[in-house]
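Structure first, commentary second.
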Amino acid sequence: MKPAAVRSAAPEEDSDRRPLPPGWRSYTSAEGHRYYVNSCSKETTWRRPSPSAEAPPGALAPQSASPYANGGHAPPAEAAGVTLRKPPRHKQPPGSVSPARRQIREVKETKITINCVTFPLPGEGPEQQLLKPNEWSYCDFFWTDKKDPQGATSVAGFEVLLQKQLKGKQMQKEMSEFIHERIKIEEEYAKNLSKLSVSPLAAQEEGTLGEAWTQLKKSLHDEAEVHMKFSNKLHSEVEKPLLTFRGDNFKKDLKKYDHHIADLRKQLASRYAGVEKARKALADRQKDLEVKTQQLEIKLSNKTEEDIKKARRKSTQAGDDLMRCVDLYNQTQCKWFEEMVTTSMELEKLEVERVEWIQQHLRQYTTLRHETDMFNQSMVEPVDQLLQNVDPAKDRELWVKENNTGEVRPVDMSI
């Protein structure tokens with residue numbers, strides 16, 4: 001409802017039947033008031049222009065009062081006696097882009113939407129800082145989708161992180177299988193050593209050499225026990241931890257992460273579809289408004305004016321709908337962004353735990369292996385010492401003492 005001053009300044013009817021100056025036309029406002037429009041400059045006024053008024057030489061257009069209801073004129077908004085706003089000094093023919101539409105186009109020039117996610121174009125806007133500088137964190141480098149080298153489809157950045165987790169689980173399983181094969185070799189080796197240690201071969205060797213030989217066979221038996229203990233520790237301290245670390249529930253947890261982010265991405269796609277639909281609806285409404293405005297320039301009638309009012313209202317509503325859809329899209333993208341940061345950092349933590357866990361147990365493997373070598377070395381040392389002490393002369397003495405058949409030598413026969 002207009003102020004009283006405006007209502008008093010707006011005549012109820014045009015009693016002056018004289019022709020209007022060139023370029024001027026009269027219209028009726030939504031409240032039933034008569035106002036005048038210069039078809040060249042689009043200047044509007046409540047007062048009937050005097051016959052001396054002349055149309056300006058250039059066609060100048062005023063700025064639309066509604067950011068989305070573009071393409072037509074509006075009755076004067078100022079009260080009587082108040083100077084009307086002068087039209088801007090730039091050309092804007094009916095149906096040209098409104099200020100809000102120009103803003104949308106500027107956004108399109110500085111941003112790009114890829115698979116329903118909006119990103120700034122390179123070199124546009126303030127430079128983005130990494131969330132975790134100098135850490136190469138997951139939360140900084142997996143926002144865009146990655147083309148699948150096997151086909152034309154693309155893989156979401158979050159999906160790449162999930163594949164990393166699944167690959168890590170597979171590598172962990174293969175390491176466990178490797179250790180299992182190592183255990184089997186140790187067990188087989190221990191069995192063969194134990195069997196060889198009781199071999200009867202060269203059991204009748206005597207003397208210091210026989211003593212060294214007996215010790216050597218005994219060391220094989222001791223070595224077999226060491227390797228059997230080594231294989232048992234490999235199983236309990238390396239293979240089993242690698243095999244049981246993050247069991248079957250781990251994949252279920254990953255699926256929960258996947259479904260959560262995928263659902264947010266679907267919501268984002270739905271919001272983006274709503275934005276595109278609203279954008280198209282606005283374009284259609286603006287086009288309809290432009291057509292009706294052009295018809296008004298050709299044919300003056302109350303019906304055409306009413307059609308323009310309806311078209312302007314629909315265009316404004318379409319603009320409001322677009323703004324609402326964009327707001328909902330931005331809210332959904334913000335939620336997706338926050339969940340992506342939180343979840344990717346959780347996956348990063350899981351990967352660090354996996355690597356440290358494997359590192360710990362592989363180091364245990366090397367420790368056990370070193371201990372086994374030390375045990376083997378300690379068992380070989382007595383054998384080596386005995387071999388160094390082998391004395392052929394001593395062995396001959398011992399053997400002779402034990403096996404001699406008499407030390408009296410034969411002599412010549414007497415006559």
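Ordering of the structure tokens sets the chain letters (A, B, ...); residue numbers start at 1 within each chain; ligands are numbered from 1 in the order shown.
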
Residues near His221 in chain A, cut-off 7 Å, only C-alpha atoms, skip fewer than 4 positions along chain, as an mmCIF file with N, CA and C atoms, in the first residue's frame:
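New file part30.cif:
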data_model
loop_
_atom_site.group_PDB
_atom_site.id
_atom_site.type_symbol
_atom_site.label_atom_id
_atom_site.label_comp_id
_atom_site.auth_asym_id
_atom_site.auth_seq_id
_atom_site.Cartn_x
_atom_site.Cartn_y
_atom_site.Cartn_z
ATOM 1 N N LEU A 193 66.714 -81.566 10.237
ATOM 2 C CA LEU A 193 67.898 -81.506 11.101
ATOM 3 C C LEU A 193 67.812 -82.542 12.221
ATOM 4 N N SER A 194 66.639 -82.639 12.831
ATOM 5 C CA SER A 194 66.461 -83.599 13.921
ATOM 6 C C SER A 194 66.660 -85.037 13.428
ATOM 7 N N SER A 197 70.350 -85.673 12.805
ATOM 8 C CA SER A 197 71.187 -85.718 14.010
ATOM 9 C C SER A 197 71.297 -87.122 14.594
ATOM 10 N N LYS A 217 76.890 -83.755 15.406
ATOM 11 C CA LYS A 217 75.555 -84.322 15.242
ATOM 12 C C LYS A 217 74.611 -83.842 16.342
ATOM 13 N N GLU A 225 65.858 -77.905 17.355
ATOM 14 C CA GLU A 225 64.962 -77.385 18.389
ATOM 15 C C GLU A 225 64.860 -75.861 18.318
#

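Rounded to one decimal, CA of Glu348 in chain A and CA of Tyr138 in chain A lie 6.3 Å from each other.
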
Query raised in the report: Looking only at the backbone, which of the residues in range 118-344 of chain A does DSSP tag as helix (DSSP H, G or I), as an NGL selection string?
Result: :A and (138-141 or 157-197 or 207-244 or 248-298 or 302-344)

Query raised in the report: as a VMD selection string, which residues of range 113-337 of chain A does DSSP assign to strand (DSSP E or B)?
Result: chain A and resid 113 to 114 117 to 120 146 to 147 154 to 155

Suppose we keep N, CA, C and O atoms; can you now write the selection as a JSON list (two decimals), in the first residue's frame?
[["chain", "number", "residue", "atom", "x", "y", "z"],
["A", 113, "THR", "N", 31.26, -26.34, -11.81],
["A", 113, "THR", "CA", 30.65, -27.46, -11.11],
["A", 113, "THR", "C", 30.98, -28.75, -11.87],
["A", 113, "THR", "O", 30.67, -28.87, -13.06],
["A", 114, "ILE", "N", 31.65, -29.67, -11.18],
["A", 114, "ILE", "CA", 32.04, -30.95, -11.77],
["A", 114, "ILE", "C", 31.38, -32.07, -10.96],
["A", 114, "ILE", "O", 31.61, -32.18, -9.75],
["A", 117, "VAL", "N", 29.68, -30.98, -7.79],
["A", 117, "VAL", "CA", 30.48, -30.32, -6.75],
["A", 117, "VAL", "C", 31.08, -29.06, -7.36],
["A", 117, "VAL", "O", 31.62, -29.09, -8.47],
["A", 118, "THR", "N", 30.96, -27.94, -6.65],
["A", 118, "THR", "CA", 31.39, -26.65, -7.18],
["A", 118, "THR", "C", 32.81, -26.33, -6.70],
["A", 118, "THR", "O", 33.10, -26.40, -5.50],
["A", 119, "PHE", "N", 33.67, -25.95, -7.65],
["A", 119, "PHE", "CA", 35.06, -25.61, -7.37],
["A", 119, "PHE", "C", 35.38, -24.24, -7.97],
["A", 119, "PHE", "O", 34.77, -23.85, -8.97],
["A", 120, "PRO", "N", 36.35, -23.53, -7.38],
["A", 120, "PRO", "CA", 36.79, -22.28, -8.01],
["A", 120, "PRO", "C", 37.66, -22.59, -9.23],
["A", 120, "PRO", "O", 38.39, -23.58, -9.24],
["A", 146, "LYS", "N", 38.41, -38.92, -9.99],
["A", 146, "LYS", "CA", 39.55, -39.39, -10.77],
["A", 146, "LYS", "C", 39.04, -40.29, -11.89],
["A", 146, "LYS", "O", 38.21, -41.16, -11.67],
["A", 147, "LYS", "N", 39.55, -40.06, -13.09],
["A", 147, "LYS", "CA", 39.13, -40.89, -14.21],
["A", 147, "LYS", "C", 39.67, -42.30, -14.06],
["A", 147, "LYS", "O", 40.83, -42.50, -13.72],
["A", 154, "SER", "N", 34.35, -42.28, -13.93],
["A", 154, "SER", "CA", 35.23, -41.61, -12.97],
["A", 154, "SER", "C", 35.03, -42.22, -11.59],
["A", 154, "SER", "O", 33.97, -42.76, -11.28],
["A", 155, "VAL", "N", 36.06, -42.12, -10.76],
["A", 155, "VAL", "CA", 36.02, -42.65, -9.40],
["A", 155, "VAL", "C", 36.13, -41.47, -8.44],
["A", 155, "VAL", "O", 37.01, -40.62, -8.58]]

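With CA of Trp46 in chain A on one side and CA of Glu305 in chain A on the other, the separation reads 17.0 Å.
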
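For the atom pair formed by CA of Asp284 in chain A and CA of Lys111 in chain A, the distance is 23.4 Å, given to one decimal.
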
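Shortest separation to Val380 in chain A among A:Asp148, A:Glu223, A:Tyr36, A:Gln129 occurs at residue A:Glu223, atoms counted being only C-alpha atoms.
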
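Near Trp399 in chain A, within 9 Å and counting only C-alpha atoms, sit Glu206, Gly207, Lys394, Asp395, Asn403 and Asn404 of chain A; same-chain residues fewer than 4 positions away were not included.
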
Go ahead and write the selection's residues with C-alpha atoms as a compact mmCIF listing (two decimals), in the first residue's frame.
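That gives us out.txt:
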# COMPACT_ATOMS: atom_id res chain seq x y z
CA GLU A 206 86.96 -92.63 17.45
CA GLY A 207 89.30 -90.34 19.27
CA LYS A 394 96.61 -88.04 20.30
CA ASP A 395 93.98 -90.00 18.43
CA ASN A 403 93.33 -101.72 20.47
CA ASN A 404 96.99 -102.83 20.64

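Of the listed residues (A:Leu322, A:Ser231, A:Leu242, A:Leu162), A:Ser231 comes nearest to Glu188 in chain A; the distances count only C-alpha atoms.
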
Report task. Tell me which protein, DNA and RNA residues are within 9 Å of Ile261 in chain A, counting only C-alpha atoms, leaving out same-chain ones fewer than 4 positions away, and put them as JSON, numbers by chain. Result -> {"A": [158, 256, 257, 265, 266, 336, 339, 340, 343]}

Near Ala224 in chain A, counting only C-alpha atoms, which residues have an atom at most 10 Å away, once you skip same-chain residues fewer than 6 positions from it, shown as a compact mmCIF listing (two decimals) with N, CA and C atoms, in the first residue's frame?
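As a result, around-v8.txt now contains:
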# COMPACT_ATOMS: atom_id res chain seq x y z
N GLU A 186 60.77 -73.37 8.02
CA GLU A 186 61.48 -73.57 9.29
C GLU A 186 61.11 -74.92 9.91
N GLU A 187 59.83 -75.24 9.88
CA GLU A 187 59.40 -76.51 10.47
C GLU A 187 59.99 -77.70 9.72
N GLU A 188 59.96 -77.62 8.41
CA GLU A 188 60.53 -78.71 7.61
C GLU A 188 62.03 -78.81 7.83
N TYR A 189 62.67 -77.67 7.92
CA TYR A 189 64.10 -77.64 8.15
C TYR A 189 64.43 -78.25 9.52
N ALA A 190 63.64 -77.91 10.53
CA ALA A 190 63.87 -78.44 11.89
C ALA A 190 63.69 -79.95 11.91
N LYS A 191 62.67 -80.44 11.24
CA LYS A 191 62.44 -81.89 11.19
C LYS A 191 63.60 -82.61 10.51
N ASN A 192 64.08 -82.05 9.42
CA ASN A 192 65.19 -82.68 8.70
C ASN A 192 66.47 -82.67 9.54
N LEU A 193 66.71 -81.57 10.24
CA LEU A 193 67.90 -81.51 11.10
C LEU A 193 67.81 -82.54 12.22
N SER A 194 66.64 -82.64 12.83
CA SER A 194 66.46 -83.60 13.92
C SER A 194 66.66 -85.04 13.43
N LYS A 195 66.15 -85.31 12.25
CA LYS A 195 66.31 -86.66 11.68
C LYS A 195 67.78 -86.94 11.36
N LEU A 196 68.46 -85.94 10.84
CA LEU A 196 69.86 -86.14 10.47
C LEU A 196 70.76 -86.29 11.69
N SER A 197 70.35 -85.67 12.81
CA SER A 197 71.19 -85.72 14.01
C SER A 197 71.30 -87.12 14.59
N LYS A 218 75.16 -83.69 17.56
CA LYS A 218 74.33 -83.18 18.65
C LYS A 218 73.90 -81.73 18.39
N PHE A 230 61.72 -71.12 16.75
CA PHE A 230 61.64 -69.94 15.89
C PHE A 230 60.34 -69.96 15.09
N ASN A 376 72.26 -70.48 16.96
CA ASN A 376 72.99 -71.39 16.07
C ASN A 376 74.49 -71.18 16.19

**Report entry** Within 8 Å of range 273-280 of chain A using only C-alpha atoms, minus same-chain residues under 2 positions, as JSON, numbers by chain
**Finding:** {"A": [269, 270, 271, 282, 283, 284, 318, 319, 321, 322, 325, 326, 329]}

Query raised in the report: Near Leu264 in chain A, counting only C-alpha atoms, which residues have an atom at most 8 Å away, once you skip same-chain residues fewer than 4 positions from it, shown as number ranges by chain?
Result: A: 260, 268, 332, 335-336

For the residues in that selection, give me N, CA and C atoms as a short mmCIF file (atom, residue, chain, number, x, y, z; two decimals), in the first residue's frame.
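Result went into again-v4.cif, see below:
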data_model
loop_
_atom_site.label_atom_id
_atom_site.label_comp_id
_atom_site.auth_asym_id
_atom_site.auth_seq_id
_atom_site.Cartn_x
_atom_site.Cartn_y
_atom_site.Cartn_z
N HIS A 260 27.73 -43.71 3.94
CA HIS A 260 27.46 -42.39 4.51
C HIS A 260 27.85 -41.28 3.53
N LEU A 268 23.61 -34.18 -2.54
CA LEU A 268 24.20 -33.05 -3.23
C LEU A 268 23.79 -33.03 -4.70
N THR A 332 24.00 -28.37 1.75
CA THR A 332 24.30 -29.79 1.56
C THR A 332 25.77 -29.99 1.22
N LYS A 335 27.83 -29.67 4.36
CA LYS A 335 27.75 -30.87 5.19
C LYS A 335 28.61 -31.97 4.59
N TRP A 336 28.55 -32.15 3.28
CA TRP A 336 29.38 -33.16 2.61
C TRP A 336 30.86 -32.84 2.82
#
